[in-house]
Structure formats: structure tokens, C-alpha cells
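Undergrad: What follows is a structure written as C-alpha cells; I'll ask about it next.
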Amino acid sequence: VELNRRSVLLGIGAVTAFLAVDLGAVAYANKWIGPDNALTRESFLNAFRSVFGTHLGFRRNHAKGVVVTGHFDSNGNGSELSRAVIFRPGQTPVTGRFSLAGGNPNAADAAATARGLGLAFAFPDGTQWRSALLNLPVFPDNSAQGFYDRLLAGKVVPATGQPDPAAMAAFLAAHPESAAAMAVIKKHPPSPGFADSPFSSLITFHFVNDHGARTPVRWSFVPQQQALAPRSGGSNTLFDALIRQLRSGPLQWRLILTVGAPGDPTTDATLPWPSDRRTVDAGVLTLTDIQTEAAGNARDINFDPLVLPDGIEPSDDPLLNARSTVYAASYRARTGEPKSPSAVQVDKVAP
Ligand code: HEM
């Protein structure tokens, strides 16, 4: 246990050291998003502010969250697909963050809000694998423009407290791929809590093995437990249940790699792959500790999906560059702003 805890701490140290020089040098230089140069990182920051208001110091999206730490035990099976260190047999420390989609850090938990999990795996050579995953079966958009248009169409009109139905109808008419994806999402209602949610990449990446063979892969962390029933009352029902459950013991997810077949879409995250695709069970993620967002923990990590280890490569999915650019802009903005306490305070949750 002692060794394990020490390696987890080392892992966090590595994350912090890496962050100091990271800051998205590439992503931040890459100002333009999308093929037609119509959108910039500022377009997105402005859109988030217009839809959610100004919340200094918080993420522009997935603003409400809580920090977790643990480790990943690899069984070695993933090495068939990727030479990444994480897939060799052994243990890798991880720091992560559970979140709810949306830019309001004080929003009340709601079952229908998309749940996020950011993970940063730290390797002994100082390299990392970062990813940001969702509890959805597909992503609602297949382009940065689609994400931007949907964000604005969902803006709440003060008079009604609801988004403008005409704006949403116009969005869906202009983005049939999102209408189709939302129909898939509707058929997969969310589980009761964080602990029993699957968390998936949705986007395709290319795994490269020791022989140089490249394979399209999507991955999911599949929950190994049921969720503690949320207690009624308060606005943090989902987070509170997660905190109480983690206090009574570790939570586990199995990492399942899904192998794409020729012809499967690799650049469109709105399209599911057929359900009979081959899978590889690569090991188990165990989360052991939960902490309030604070200086130096995952509050200050940018879960940029393009921070990849050797053996995992990006696909041509246009969401990847858009995310990397916008996450870097959000990170740069929020780390330069004054901080206020997060809505989820682990120590204030009753046993
Ligand atoms: C063009 C598409 C997207 C845009 C513009 C976008 C934007 C953002 C922004 C601005 C943040 C906050 C970053 C920070 O300050 O650290 C964020 C966080 C997050 N996003 Fe996205 N996102 C997009 C697509 C996706 C996709 C496809 C997924 C997952 C499959 C995803 C999952 C997450 C998660 C889990 C977080 C929270 C990570 C954390 O705890 O820091 N996003 N997103």
C-alpha cells in the first residue's frame, strides 16, 4: 500500500511538472479552428460566456467537478494493439476529475446532464496519456461548427427559462448528423450515478503496436459496481453519492478497447460502430481517493485529448484539433483568474 501511494504521489508530481511547460504551446499557436477559418478559440470562449455567464477561475465547459486519484492495472492484453507503456503488464498512477457538462460551476446536478471523466496517466519516463471521456454512446456533433451552433442554440431565454425552441429546431434542421446522434443518445438513458456510468472516448484514435501495425480504436471504461442511490435534497445529489461511495471503498472500471473494422467511421463521433466489433479487455482502473478541487490537483490540469503516449495517435476527426485549441484557451484563461471555492466540497458531505 505504501509503495502504491508513493507512486500515486509521484504521478501527481509528474503531472504538475509537466503542466508547467505544457500550456498547449502547439494548440495555443493554432488559433484557427475548422477548415473555413470561421471560428477561433475566442469565438468559443465568447459563446461559453454568452450561454453560461462569467465564472472566473472555472473551466468554460464541465465547470462543476471533483478530483479523484488511483491507478490502472494493465493485464498486458492491450499490447497486441498498442506499444504504449500503459498496456504493458503493471500499474500506472492516475489523477482524474469527474464533471458535469456545462459552464455553470454551481448548476444543480441533473441526471440528463452529460457526465465527464478526465484522466491523466503518468509514466515513469515523464510522458503522459490524458483523455476526457463522456457517459454518452455517441457525441452530438461531428464538427467544431456543429458544437458551436448547438451551444448557442441551447442558450436559455430568460423570459421562459428554456432554450428557444425555434433556435433548436433550426439547429437540428441544419445539422441532421446531430439530430441522428441525439436519437441514439435518447435510446441510452443515463445510469443512476457516476459510479455506474460508462465513460467512453467516442472519438477514434489509432493504436500502433510493436510491429508498427495501426488499428482504429475507440475505448470505454466500463463500471464494475452499481451506484449508491442519491439522497434527495441539495443541488449536488450525484456528486454527494459519489463521495460517500468512494469513502467506503475503491471504485473500479474495466478498460475495454473496441477494434474498428475496415469501413467503420473514424472521423465522425456522431456515428456508433456496429455492436459486434471485437473488444480487448486491457485492465482495471481503480479510483481510491476523492478531493475537492484545489491548487495543484486535477483542478489545474488541462485534459487535452492530444496529450498522447507513443503508441496512441490521433485520427483525422476534426473535433480533436478543435478541442485541443479550445481547452488550451479555457485553461489559459481560467488559470490567470481569481479563484473561488468549488460547489462540490468533499469535506462537507455528511457520512
Ligand atoms: C468541439 C468540441 C468540443 C469543445 C469545443 C469542447 C470544449 C470544452 C472545454 C472548453 C472544456 C474545459 C477545458 C478546461 O478548461 O480544462 C471541456 C472539458 C471537457 N470536455 Fe469537451 N469539448 C468538446 C468535445 C468534447 C468531446 C468529444 C468529449 C468526450 C468524448 C468531451 C469531454 C470533455 C470532458 C470530460 C471535459 C472535462 C475535463 C476536465 O475535467 O477538465 N468534450 N470541453
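Every chain in the C-alpha cells has a letter given in the order shown (A, B, ...), and although residue numbers restart at 1 in each chain, ligands are simply numbered from 1 in the order shown.
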Could you tell me, counting only C-alpha atoms and all ligand atoms, which protein and nucleic acid residues lie no more than 6 Å from ligand 1, written as a ChimeraX atom specification?

TA: /A:59-62,97,99,116-118,132-134,139,144,147,201-202,302-303,319,322-323,326-327,330-331

Undergrad: Save the residues we just selected, N, CA and C atoms, as an mmCIF file, in the first residue's frame?

TA:
```
data_model
loop_
_atom_site.group_PDB
_atom_site.id
_atom_site.type_symbol
_atom_site.label_atom_id
_atom_site.label_comp_id
_atom_site.auth_asym_id
_atom_site.auth_seq_id
_atom_site.Cartn_x
_atom_site.Cartn_y
_atom_site.Cartn_z
ATOM 1 N N ARG A 59 -13.437 26.176 -15.384
ATOM 2 C CA ARG A 59 -13.460 25.688 -16.761
ATOM 3 C C ARG A 59 -14.643 26.294 -17.507
ATOM 4 N N ARG A 60 -14.448 26.585 -18.787
ATOM 5 C CA ARG A 60 -15.538 27.175 -19.597
ATOM 6 C C ARG A 60 -16.597 26.134 -19.922
ATOM 7 N N ASN A 61 -16.237 24.879 -19.871
ATOM 8 C CA ASN A 61 -17.204 23.791 -20.007
ATOM 9 C C ASN A 61 -16.823 22.755 -18.949
ATOM 10 N N HIS A 62 -17.786 21.906 -18.579
ATOM 11 C CA HIS A 62 -17.535 20.948 -17.486
ATOM 12 C C HIS A 62 -16.991 21.682 -16.265
ATOM 13 N N ARG A 97 -10.760 13.616 -12.896
ATOM 14 C CA ARG A 97 -11.780 14.570 -12.464
ATOM 15 C C ARG A 97 -13.131 14.171 -13.045
ATOM 16 N N SER A 99 -16.981 15.259 -13.765
ATOM 17 C CA SER A 99 -17.573 16.572 -14.040
ATOM 18 C C SER A 99 -18.957 16.420 -14.641
ATOM 19 N N GLY A 116 -18.797 13.704 -17.267
ATOM 20 C CA GLY A 116 -17.459 13.602 -17.838
ATOM 21 C C GLY A 116 -16.493 12.962 -16.867
ATOM 22 N N LEU A 117 -15.445 12.353 -17.420
ATOM 23 C CA LEU A 117 -14.322 11.877 -16.622
ATOM 24 C C LEU A 117 -13.039 12.236 -17.365
ATOM 25 N N GLY A 118 -12.225 13.073 -16.741
ATOM 26 C CA GLY A 118 -10.900 13.384 -17.285
ATOM 27 C C GLY A 118 -9.891 12.486 -16.601
ATOM 28 N N ALA A 132 -10.345 12.791 -22.029
ATOM 29 C CA ALA A 132 -11.578 13.307 -21.433
ATOM 30 C C ALA A 132 -12.724 12.540 -22.059
ATOM 31 N N LEU A 133 -13.496 11.857 -21.216
ATOM 32 C CA LEU A 133 -14.473 10.867 -21.662
ATOM 33 C C LEU A 133 -15.867 11.249 -21.211
ATOM 34 N N LEU A 134 -16.866 10.698 -21.870
ATOM 35 C CA LEU A 134 -18.260 11.012 -21.530
ATOM 36 C C LEU A 134 -19.080 9.746 -21.337
ATOM 37 N N PHE A 139 -21.113 11.169 -29.665
ATOM 38 C CA PHE A 139 -21.066 12.608 -29.403
ATOM 39 C C PHE A 139 -22.127 13.292 -30.267
ATOM 40 N N ALA A 144 -16.505 21.181 -35.295
ATOM 41 C CA ALA A 144 -16.427 22.289 -34.343
ATOM 42 C C ALA A 144 -17.599 23.254 -34.564
ATOM 43 N N PHE A 147 -20.684 21.885 -32.867
ATOM 44 C CA PHE A 147 -20.641 22.095 -31.412
ATOM 45 C C PHE A 147 -20.994 23.541 -31.086
ATOM 46 N N SER A 201 -14.450 7.192 -25.074
ATOM 47 C CA SER A 201 -13.688 8.170 -25.876
ATOM 48 C C SER A 201 -14.556 8.776 -26.964
ATOM 49 N N LEU A 202 -15.492 7.996 -27.477
ATOM 50 C CA LEU A 202 -16.368 8.385 -28.592
ATOM 51 C C LEU A 202 -15.567 8.660 -29.859
ATOM 52 N N ASN A 302 -5.183 20.437 -17.700
ATOM 53 C CA ASN A 302 -5.928 20.536 -18.950
ATOM 54 C C ASN A 302 -5.974 19.123 -19.548
ATOM 55 N N PHE A 303 -7.161 18.496 -19.519
ATOM 56 C CA PHE A 303 -7.286 17.130 -20.041
ATOM 57 C C PHE A 303 -7.376 17.168 -21.559
ATOM 58 N N LEU A 319 -12.835 17.107 -34.501
ATOM 59 C CA LEU A 319 -13.091 17.548 -33.123
ATOM 60 C C LEU A 319 -11.794 17.604 -32.315
ATOM 61 N N ALA A 322 -9.949 20.949 -32.651
ATOM 62 C CA ALA A 322 -10.810 21.985 -32.063
ATOM 63 C C ALA A 322 -10.743 21.912 -30.540
ATOM 64 N N ARG A 323 -10.867 20.695 -30.013
ATOM 65 C CA ARG A 323 -10.847 20.546 -28.552
ATOM 66 C C ARG A 323 -9.519 21.010 -27.988
ATOM 67 N N VAL A 326 -9.375 24.823 -28.003
ATOM 68 C CA VAL A 326 -10.308 25.487 -27.091
ATOM 69 C C VAL A 326 -9.984 25.147 -25.630
ATOM 70 N N TYR A 327 -9.578 23.902 -25.357
ATOM 71 C CA TYR A 327 -9.219 23.541 -23.978
ATOM 72 C C TYR A 327 -8.028 24.382 -23.516
ATOM 73 N N SER A 330 -9.282 27.843 -22.738
ATOM 74 C CA SER A 330 -10.026 27.830 -21.475
ATOM 75 C C SER A 330 -9.055 27.723 -20.301
ATOM 76 N N TYR A 331 -8.064 26.833 -20.462
ATOM 77 C CA TYR A 331 -7.072 26.615 -19.399
ATOM 78 C C TYR A 331 -6.278 27.884 -19.137
#
```

Undergrad: Once DSSP has gone over the backbone, tell me which residues of region 147-213 of chain A are in alpha helix (DSSP H), as a list in words.

TA: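 The alpha helix (DSSP H) subset of region 147-213 of chain A is Phe147, Tyr148, Asp149, Arg150, Leu151, Leu152, Ala153, Pro165, Ala166, Ala167, Met168, Ala169, Ala170, Phe171, Leu172, Ala173, Ala174, Pro176, Glu177, Ser178, Ala179, Ala180, Ala181, Met182, Ala183, Val184, Ile185 and Lys186 of chain A.
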
Undergrad: Quick one: distance from CA of Leu255 (chain A) to CA of Asp300 (chain A) in Å, one decimal?

TA: 25.0 Å

Undergrad: Apply DSSP to the backbone of this structure and, from region 26-231 of chain A, keep only the residues in strand (DSSP E or B); write these as a PyMOL selection string.

TA: chain A and resi 32-33+39-40+64-74+90-100+115-122+128-134+156-157+162-163+199-200+205-208+214-223

Undergrad: From the options A:Leu320, A:Leu100, A:Ala295, A:Ala112, which residue's atoms come nearest to His188 (chain A), counting only C-alpha atoms?

TA: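 The answer is A:Ala112, which sits nearest to His188 (chain A).
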
Undergrad: Of the residues A:Thr215, A:Ser248, A:Asn321, A:Thr292, which is the one nearest to Ser82 (chain A), using only C-alpha atoms?

TA: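 Nearest to Ser82 (chain A): A:Thr215.
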
Undergrad: Can you check which parts of region 27-121 of chain A lie within 7 Å of region 261-283 of chain A? Per residue, the shortest pair of atoms and distance in Å to one decimal, counting only C-alpha atoms, sorted by chain and number, as a tab-separated table.

TA:
```
residue	atom	partner	partner_atom	distance
A:Asp73	CA	A:Gly283	CA	5.5
A:Ser74	CA	A:Gly283	CA	4.4
A:Asn75	CA	A:Gly283	CA	5.2
A:Gly76	CA	A:Ala282	CA	6.6
A:Asn77	CA	A:Ala282	CA	5.3
A:Gly78	CA	A:Ala282	CA	4.9
A:Phe87	CA	A:Ala282	CA	6.9
```

Undergrad: Need to verify the contact set: Gly249 (chain A), 10 Å, only C-alpha atoms, exclusion of same-chain residues closer than 3 positions in sequence. Can you return it as a list in words?

TA: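 The residues satisfying every condition are Arg244, Gln245, Leu246, Gln252, Leu287, Thr288 and Asp289 of chain A.
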